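Visitor: One structure coming up, written as C-alpha cells, with questions to follow.
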Amino acid sequence: MTFVLIVLGAGVAVSVELLEALAIVFAVAVTRRWSDALLGALAAVVACALLAVALGPVLLGSVPLDTLRVIIGLLLLLFGLEWLRKATLRLAGRRARSSSLAEFVETQEELNEAPLPPAGEPDWAGRLVAFKGVLLEGIEIVVIVTALAERPSGPAPALLGAALAAVVVLSAGAWLRKPLERLPETELKWGVGVLLTSFGVFFVAEGLGVHWPGGDAAVLYLVAVMAAISQAQSHWLARAARA
Amino acid sequence: MTLLRTLKKLLVGETWLLPVGLLIAIAIALGARHALHQHWQHIGGFILLAAVGVVLLVTVARTSRRR
C-alpha cells in the first residue's frame with residue numbers, strides 16, 4: 001500500500017511541477033524563439049540532474065538512518081504543508097485557483113518588455129526566463145523525489161512515479177494549452193500536499209524512535225487525518241466568507 | 001533580484017509562519033520524547049501529528065486573514 005502511495009505522491013508532484021515548467025518554456029518559445037527556449041530549459045535540466053546525482057549519494061552515504069529520516073521528513077513537511085496551506089485557501093475561495101495557464105500568460109507578459117534580438121543573435125532574456133522557470137520547478141522535483149526515494153525499502157516507487165509523470169506530461173506537451181484549461185490543478189496540489197505532509201509526519205516520527213501502530217499502513221490514517229483537517233478548515237473558511 | 005526572491009520563496013514558502021511553526025512542533029516533539037521515556041514510541045507519533053495539524057490550522061487562519 002505504501003508503494004502505491006509513494007508512486008502516487010511522486011507521480012502527481014512531478015506532474016504538477018513539470019506542467020508549470022512546460023508552460024513557462026512554451027511561453028518563451030511562442031513569444032520568442034524555440035531554440036532559445038529549449039537551450040535555457042536544457043541548461044536547467046542539466047543543473048537539476050547534477051544536483052540529483054550529488055544529493056542522493058551524499059545523503060545516503062554520510063548521514064545515519066534516523067537522522068536521515070528526520071531530515072527527509074522535515075523537507076517533505078516544509079513542501080507538503082506549504083502546498084496544503086495554499087490549497088486549503090484556494091478551496092475556501094480565499095485565493096485564486098492554481099493554473100499553469102496563468103503561468104503561461106504571466107511569462108508571455110514578462111517577455112513582452114524585452115526586445116527580441118535579430119536572427120542569429122542569442123536571446124538571453126528568453127533563455128534566462130526558460131532557465132529560471134525550469135530550474136526552480138526542477139529543484140522542487142529533485143528534493144521531493146529524493147526524499148521519497150530515500151526509504152529503507154528502496155527508491156523504486158518514487159522513481160517509478162516520477163518516470164510515469166515525466167512520460168505522461170512530456171508526451172502531452174504537444175497539445176498542452178487546451179488540457180491546461182481543464183486540469184483540476186488546485187485539487188491535484190491539495191492531494192499532493194496531503195500526501196507529502198503525511199509522509200513527512202511519518203518519517204520524522206520514525207526518525208525520533210516512534211513505532212507506528214500498523215507499521216507502514218499508518219500512512220493511510222495520517223493521510224485521512226490531514227485531509228480531514230484541511231477540508232474542515234476550508235469549509236469553515238468558505239462558510240465564514242459567505243456569512 | 002527576482003531569482004533571489006523566488007529562491008527564498010522556494011525554500012521558506014510565502015510565509016515565515018510555516019517554517020517557524022514547524023520548528024516549534026519539532027521542539028515540542030523532542031520535549032515530549034524526553035519527558036515520556038518509553039511511552040514516546042507508542043504515542044509520540046500522534047503528538048507530532050497533532051502539532052503539525054495545529055501548524056496547518058494556524059498558518060491557514062493567519063494567511064487567510066491577511067488577504
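In the C-alpha cells, each chain is lettered A, B, ... as it comes, each chain's residues begin at 1, and ligands are numbered from 1 in order of appearance.
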Write out as number ranges by chain every residue belonging to chain B that has an atom at most 10 Å from any atom of chain A, counting only C-alpha atoms.
Guide: B: 2-3, 6-7, 10-15, 18-19, 22-23, 26, 29-30, 33, 38-61, 63-65, 67
Visitor: Just to be explicit: take each residue in the selection above, keep C-alpha atoms, and write the result as a CSV table (one decimal), in the first residue's frame.
Guide:
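Generated file (part16.csv):
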chain,number,residue,atom,x,y,z
B,2,THR,CA,13.7,38.3,-8.9
B,3,LEU,CA,15.7,35.0,-8.9
B,6,THR,CA,11.9,33.2,-6.0
B,7,LEU,CA,14.6,31.1,-4.4
B,10,LEU,CA,11.0,28.1,-2.8
B,11,LEU,CA,13.0,27.5,0.5
B,12,VAL,CA,10.7,29.0,3.1
B,13,GLY,CA,7.5,29.4,1.2
B,14,GLU,CA,5.4,32.5,1.2
B,15,THR,CA,5.2,32.9,5.0
B,18,LEU,CA,5.2,27.8,8.5
B,19,PRO,CA,8.9,27.0,9.0
B,22,LEU,CA,7.3,23.5,12.1
B,23,LEU,CA,10.4,24.2,14.3
B,26,ILE,CA,9.6,19.6,16.4
B,29,ALA,CA,8.0,16.6,19.9
B,30,LEU,CA,11.6,16.4,21.2
B,33,ARG,CA,10.2,12.4,23.8
B,38,GLN,CA,9.4,4.5,26.8
B,39,HIS,CA,5.8,5.7,26.2
B,40,TRP,CA,7.1,8.0,23.5
B,41,GLN,CA,7.5,5.2,20.9
B,42,HIS,CA,3.7,4.4,21.2
B,43,ILE,CA,2.1,7.8,21.4
B,44,GLY,CA,4.9,10.1,20.1
B,45,GLY,CA,3.7,9.9,16.5
B,46,PHE,CA,0.2,11.2,17.5
B,47,ILE,CA,1.7,14.1,19.4
B,48,LEU,CA,3.7,15.1,16.4
B,49,LEU,CA,0.6,14.6,14.1
B,50,ALA,CA,-1.4,16.9,16.5
B,51,ALA,CA,1.4,19.5,16.5
B,52,VAL,CA,1.6,19.5,12.6
B,53,GLY,CA,-2.2,19.7,12.4
B,54,VAL,CA,-2.1,22.8,14.6
B,55,VAL,CA,0.7,24.4,12.5
B,56,LEU,CA,-1.5,23.9,9.4
B,57,LEU,CA,-4.6,25.3,11.1
B,58,VAL,CA,-2.7,28.4,12.4
B,59,THR,CA,-0.9,29.2,9.2
B,60,VAL,CA,-4.0,28.9,7.1
B,61,ALA,CA,-6.0,31.0,9.5
B,63,THR,CA,-2.6,33.9,6.0
B,64,SER,CA,-6.3,33.9,5.2
B,65,ARG,CA,-6.9,37.0,7.5
B,67,ARG,CA,-5.8,38.9,2.3
Visitor: Set the distance at 8 Å and use only C-alpha atoms: which residues neighbour Leu51 of chain A once local chain neighbours fewer than 4 positions away are removed? I'd like the list as a list in words.
Guide: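 Selected residues are Ala47, Leu55 and Val142 of chain A.
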Visitor: Can you spit out the residues from that selection as an mmCIF file, in the first residue's frame, using N, CA and C atoms?
Guide:
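Okay, this is what ended up in selection_20.cif:
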data_model
loop_
_atom_site.group_PDB
_atom_site.id
_atom_site.type_symbol
_atom_site.label_atom_id
_atom_site.label_comp_id
_atom_site.auth_asym_id
_atom_site.auth_seq_id
_atom_site.Cartn_x
_atom_site.Cartn_y
_atom_site.Cartn_z
ATOM 1 N N ALA A 47 21.527 21.217 -14.824
ATOM 2 C CA ALA A 47 21.808 21.672 -13.456
ATOM 3 C C ALA A 47 21.047 20.815 -12.439
ATOM 4 N N LEU A 55 23.003 14.964 -4.558
ATOM 5 C CA LEU A 55 22.190 14.916 -3.338
ATOM 6 C C LEU A 55 21.970 13.493 -2.808
ATOM 7 N N VAL A 142 13.486 17.490 -7.706
ATOM 8 C CA VAL A 142 14.643 16.734 -7.198
ATOM 9 C C VAL A 142 14.502 16.491 -5.693
#
Visitor: Would you list the contacts of segment 159-168 of chain A as a list in words, taking every protein, DNA or RNA residue within 6 Å and counting only C-alpha atoms, but skipping same-chain residues closer than 3 positions in sequence?
Guide: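 Contacts, with the query itself left out: Val7, Ala10, Gly11, Val14, Ser15, Ala156 and Ser171 of chain A.
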Visitor: List the neighbours of Ala49 of chain A out to 12 Å using only C-alpha atoms; skip same-chain residues closer than 6 positions along the sequence, and give me the result as a list in words.
Guide: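 These residues fall inside the cut-off: Leu42, Ala43, Leu55, Gly56, Val134, Leu135, Gly138, Ile139, Ile141, Val142, Val143 and Thr146 of chain A.
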Visitor: Take atom CA of Ala37 of chain A and atom CA of Ala125 of chain A and report the distance between them in Å, one decimal.
Guide: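 Computed distance, atom CA of Ala37 of chain A to atom CA of Ala125 of chain A, equals 9.7 Å.
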Visitor: Distance atom CA of Leu18 of chain A-atom CA of Val46 of chain A, one decimal place?
Guide: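 Rounded to one decimal, the two atoms are 15.0 Å apart.
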Visitor: For atom CA of Ala44 of chain A and atom CA of Ala23 of chain A, determine how far apart the two atoms are, in Å to one decimal place.
Guide: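 A separation of 14.8 Å between them.
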Visitor: Among the residues of segment 70-176 of chain A, find those DSSP assigns to alpha helix (DSSP H) from the backbone and print them as a CSV table (one decimal) with C-alpha atoms, in the first residue's frame.
Guide:
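So the final result, stored in part_20.csv, reads:
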chain,number,residue,atom,x,y,z
A,70,VAL,CA,14.2,13.3,10.3
A,71,ILE,CA,15.8,15.4,7.5
A,72,ILE,CA,13.7,13.8,4.8
A,73,GLY,CA,10.6,14.2,6.9
A,74,LEU,CA,11.2,17.9,7.6
A,75,LEU,CA,11.8,18.6,3.8
A,76,LEU,CA,8.5,16.8,3.0
A,77,LEU,CA,6.7,18.7,5.8
A,78,LEU,CA,8.1,22.0,4.5
A,79,PHE,CA,6.9,21.4,0.9
A,80,GLY,CA,3.8,19.5,1.9
A,81,LEU,CA,2.4,22.0,4.4
A,82,GLU,CA,3.0,24.9,2.0
A,83,TRP,CA,1.1,23.2,-0.8
A,84,LEU,CA,-1.6,22.2,1.7
A,85,ARG,CA,-1.9,25.7,3.1
A,86,LYS,CA,-2.3,27.3,-0.3
A,87,ALA,CA,-4.7,24.5,-1.5
A,88,THR,CA,-6.9,24.9,1.6
A,89,LEU,CA,-7.1,28.7,1.0
A,90,ARG,CA,-7.9,28.1,-2.7
A,91,LEU,CA,-10.6,25.5,-1.9
A,100,SER,CA,-0.3,26.6,-15.3
A,101,LEU,CA,-2.2,28.6,-17.9
A,102,ALA,CA,-1.8,31.7,-15.8
A,103,GLU,CA,1.9,30.9,-15.5
A,104,PHE,CA,2.0,30.8,-19.4
A,105,VAL,CA,0.3,34.2,-19.7
A,106,GLU,CA,2.5,35.8,-17.0
A,107,THR,CA,5.7,34.6,-18.7
A,108,GLN,CA,4.5,36.0,-22.0
A,109,GLU,CA,3.8,39.4,-20.4
A,110,GLU,CA,7.2,39.3,-18.7
A,111,LEU,CA,8.9,38.8,-22.0
A,112,ASN,CA,6.9,41.5,-23.9
A,124,TRP,CA,19.5,36.0,-23.4
A,125,ALA,CA,16.2,37.3,-21.9
A,126,GLY,CA,14.3,34.3,-23.3
A,127,ARG,CA,17.0,31.8,-22.4
A,128,LEU,CA,17.2,33.2,-18.8
A,129,VAL,CA,13.4,33.1,-18.3
A,130,ALA,CA,13.2,29.4,-19.6
A,131,PHE,CA,16.3,28.5,-17.4
A,132,LYS,CA,14.9,30.1,-14.3
A,133,GLY,CA,11.4,28.6,-14.7
A,134,VAL,CA,12.7,25.0,-15.3
A,135,LEU,CA,15.4,25.3,-12.6
A,136,LEU,CA,13.1,26.3,-9.8
A,137,GLU,CA,10.4,23.7,-10.7
A,138,GLY,CA,13.2,21.2,-11.2
A,139,ILE,CA,14.7,21.8,-7.8
A,140,GLU,CA,11.4,21.0,-6.2
A,141,ILE,CA,11.1,17.8,-8.2
A,142,VAL,CA,14.6,16.7,-7.2
A,143,VAL,CA,14.0,17.4,-3.5
A,144,ILE,CA,10.6,15.7,-3.4
A,145,VAL,CA,11.7,12.6,-5.4
A,146,THR,CA,15.0,12.3,-3.5
A,147,ALA,CA,13.2,12.5,-0.2
A,148,LEU,CA,10.5,9.9,-1.2
A,149,ALA,CA,13.3,7.7,-2.7
A,156,ALA,CA,11.7,2.1,-6.8
A,157,PRO,CA,8.3,3.6,-6.1
A,158,ALA,CA,9.4,7.2,-6.1
A,159,LEU,CA,11.4,6.8,-9.3
A,160,LEU,CA,8.6,4.9,-11.0
A,161,GLY,CA,6.1,7.6,-10.1
A,162,ALA,CA,8.5,10.3,-11.4
A,163,ALA,CA,9.2,8.4,-14.6
A,164,LEU,CA,5.5,7.8,-15.3
A,165,ALA,CA,4.7,11.5,-14.7
A,166,ALA,CA,7.6,12.6,-17.0
A,167,VAL,CA,6.3,10.3,-19.8
A,168,VAL,CA,2.7,11.4,-19.4
A,169,VAL,CA,3.3,15.2,-19.1
A,170,LEU,CA,6.0,15.4,-21.8
A,171,SER,CA,4.1,13.4,-24.3
A,172,ALA,CA,1.0,15.6,-23.6
